[in-house]
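As structure tokens, the structure follows; a few thoughts come after it.
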Amino acid sequence: MTPPMSHAELLRALLKGASPAELDAYDIASKAYYRASRGQHLEAAVLFEAAAARAQAMFDSGEARKVNEAGVRINQALNHWARAGFQFHKAGEGARAMALLRRCADADWLAAGLNHDLHTVAVCWAYLVREAAESDERGREAFEAAFAQAQRRCAALGTTFPFGHPSRMELAAAARGRGLEALAQEIVAPVRAAKPMKRDLKAWLKDFDASAPKR
């Protein structure tokens, strides 16, 4: 049986022998998005990781000159690191995913000029909160502590946690599963307030309410 390729070997194959240093970070990321759209999660992860390293190199060398409206030079590396983490997680490489997502959650996205991408930080935290609860014997207490930390850290950046209905739906179910019904209802409140509300969201809320613990 042929042994699986290392990440370096896979990247070389995906770039057809080209060195990432010869390419623009945008071009590498475009290849990553394509692989992700086809469900090729490991391939996408390796490419996003390469795009992040290349974006950082372009920023450090001064090659990346774009600035945001505040005049802060934009470093796209964090966006690519985060997406590498998401894809590694989907590919089953949890340890690698969590390391990247923790790196992104701890980073200063405003200093990187990414003030329009702060929702990505909240998505990183959603993964980290779930992981904290799953890997800690305390379960309930670990979830509460990680959730509160995520809220504080995201608020300090000027964004909301959780961000978006999918994250709220997942985390509300996770909170309920750990006996944190009050927190589950707090998480899901903005979903209830959505207007207009799509049919699939209405169906989810109906099921969510039907599965509520009996008082």
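Ligands are numbered from 1 in the order shown, residues from 1 within each chain, and chains are lettered A, B, ... in the order they appear in the structure tokens.
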
Which residues in range 26-183 of chain A does DSSP call helix (DSSP H, G or I)? List them as a PyMOL selection string.
chain A and resi 26-37+41-61+77-90+94-106+118-135+140-157+165-177+181-183

Taking 4 positions as the minimum chain separation for residues in the same chain, which residues sit within 12 Å of Trp204 in chain A when counting only C-alpha atoms? Answer as a list in words. His165, Pro166, Arg168, Met169, Glu170, Ala172, Ala173, Val188, Val191, Arg192, Met197, Lys198, Arg199, Asp200, Phe208, Asp209, Ala210 and Ser211 of chain A

Write the selection just made, keeping N, CA, C and O atoms, as an mmCIF file, in the first residue's frame?
data_model
loop_
_atom_site.group_PDB
_atom_site.id
_atom_site.type_symbol
_atom_site.label_atom_id
_atom_site.label_comp_id
_atom_site.auth_asym_id
_atom_site.auth_seq_id
_atom_site.Cartn_x
_atom_site.Cartn_y
_atom_site.Cartn_z
ATOM 1 N N HIS A 165 -26.314 32.687 12.169
ATOM 2 C CA HIS A 165 -27.267 31.679 12.615
ATOM 3 C C HIS A 165 -26.676 30.271 12.720
ATOM 4 O O HIS A 165 -26.954 29.563 13.696
ATOM 5 N N PRO A 166 -25.879 29.807 11.756
ATOM 6 C CA PRO A 166 -25.354 28.431 11.880
ATOM 7 C C PRO A 166 -24.574 28.205 13.163
ATOM 8 O O PRO A 166 -24.777 27.186 13.855
ATOM 9 N N ARG A 168 -24.840 29.935 15.944
ATOM 10 C CA ARG A 168 -25.774 30.027 17.070
ATOM 11 C C ARG A 168 -26.576 28.734 17.233
ATOM 12 O O ARG A 168 -26.802 28.253 18.351
ATOM 13 N N MET A 169 -27.005 28.173 16.122
ATOM 14 C CA MET A 169 -27.791 26.942 16.187
ATOM 15 C C MET A 169 -26.958 25.793 16.772
ATOM 16 O O MET A 169 -27.433 25.038 17.632
ATOM 17 N N GLU A 170 -25.718 25.666 16.325
ATOM 18 C CA GLU A 170 -24.841 24.605 16.826
ATOM 19 C C GLU A 170 -24.533 24.794 18.308
ATOM 20 O O GLU A 170 -24.581 23.835 19.092
ATOM 21 N N ALA A 172 -26.183 26.597 20.546
ATOM 22 C CA ALA A 172 -27.383 26.480 21.378
ATOM 23 C C ALA A 172 -27.671 25.016 21.678
ATOM 24 O O ALA A 172 -27.992 24.647 22.823
ATOM 25 N N ALA A 173 -27.546 24.180 20.659
ATOM 26 C CA ALA A 173 -27.760 22.739 20.858
ATOM 27 C C ALA A 173 -26.708 22.173 21.811
ATOM 28 O O ALA A 173 -27.015 21.327 22.666
ATOM 29 N N VAL A 188 -29.898 31.507 21.246
ATOM 30 C CA VAL A 188 -30.834 31.368 20.132
ATOM 31 C C VAL A 188 -31.764 32.577 19.970
ATOM 32 O O VAL A 188 -32.451 32.710 18.952
ATOM 33 N N VAL A 191 -31.762 34.405 16.715
ATOM 34 C CA VAL A 191 -32.313 33.572 15.635
ATOM 35 C C VAL A 191 -33.827 33.720 15.617
ATOM 36 O O VAL A 191 -34.441 33.848 14.553
ATOM 37 N N ARG A 192 -34.427 33.731 16.785
ATOM 38 C CA ARG A 192 -35.885 33.904 16.873
ATOM 39 C C ARG A 192 -36.322 35.261 16.319
ATOM 40 O O ARG A 192 -37.424 35.403 15.796
ATOM 41 N N MET A 197 -37.917 35.375 8.211
ATOM 42 C CA MET A 197 -37.356 34.105 8.640
ATOM 43 C C MET A 197 -37.587 33.046 7.563
ATOM 44 O O MET A 197 -38.714 32.814 7.138
ATOM 45 N N LYS A 198 -36.501 32.430 7.136
ATOM 46 C CA LYS A 198 -36.599 31.410 6.104
ATOM 47 C C LYS A 198 -37.257 30.143 6.647
ATOM 48 O O LYS A 198 -37.241 29.873 7.848
ATOM 49 N N ARG A 199 -37.791 29.356 5.717
ATOM 50 C CA ARG A 199 -38.531 28.157 6.096
ATOM 51 C C ARG A 199 -37.666 27.162 6.887
ATOM 52 O O ARG A 199 -38.129 26.588 7.871
ATOM 53 N N ASP A 200 -36.423 26.985 6.450
ATOM 54 C CA ASP A 200 -35.578 26.009 7.141
ATOM 55 C C ASP A 200 -35.243 26.466 8.562
ATOM 56 O O ASP A 200 -35.097 25.644 9.475
ATOM 57 N N PHE A 208 -36.166 22.653 17.733
ATOM 58 C CA PHE A 208 -35.410 23.058 18.928
ATOM 59 C C PHE A 208 -36.355 23.229 20.116
ATOM 60 O O PHE A 208 -36.060 22.755 21.218
ATOM 61 N N ASP A 209 -37.480 23.879 19.900
ATOM 62 C CA ASP A 209 -38.438 24.105 20.975
ATOM 63 C C ASP A 209 -39.096 22.788 21.414
ATOM 64 O O ASP A 209 -39.347 22.582 22.608
ATOM 65 N N ALA A 210 -39.319 21.908 20.446
ATOM 66 C CA ALA A 210 -39.947 20.628 20.782
ATOM 67 C C ALA A 210 -39.036 19.752 21.640
ATOM 68 O O ALA A 210 -39.522 18.918 22.417
ATOM 69 N N SER A 211 -37.720 19.961 21.502
ATOM 70 C CA SER A 211 -36.771 19.139 22.254
ATOM 71 C C SER A 211 -36.349 19.772 23.574
ATOM 72 O O SER A 211 -35.467 19.257 24.263
#

re CA of Glu43 in chain A and CA of Phe161 in chain A: distance 29.2 Å

(Q) Residues within 9 Å of range 145-149 of chain A, please, as number ranges by chain. Count only C-alpha atoms; anything in the same chain fewer than 6 positions from it doesn't count. (A) A: 125-126, 128-130, 132-133, 161-162

Check: Using only C-alpha atoms, which residues sit within 12 Å of Leu180 in chain A once same-chain residues fewer than 3 positions away are excluded, as a PyMOL selection string?
Finding: chain A and resi 139-144+147+171-177+183-187+212-213

Selected residue, from A:Arg178, A:Arg54, A:Arg215, A:Lys66, that lies nearest to Ala29 in chain A when counting only C-alpha atoms:
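For Ala29 in chain A, the nearest of the candidates is A:Arg54.
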
I need the residue nearest Ala84 in chain A from this list: A:Asp27, A:Asp106, A:Asp60, A:Glu49. Use only C-alpha atoms for the distance.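 Nearest to Ala84 in chain A: A:Glu49.
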
Checklist line | Closest of A:Trp109, A:Phe59, A:Phe48, A:Tyr34 to Ala97 in chain A - atom-to-atom distances counting only C-alpha atoms | finding: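 Going through A:Trp109, A:Phe59, A:Phe48, A:Tyr34 one by one, the smallest distance to Ala97 in chain A is for A:Phe48.
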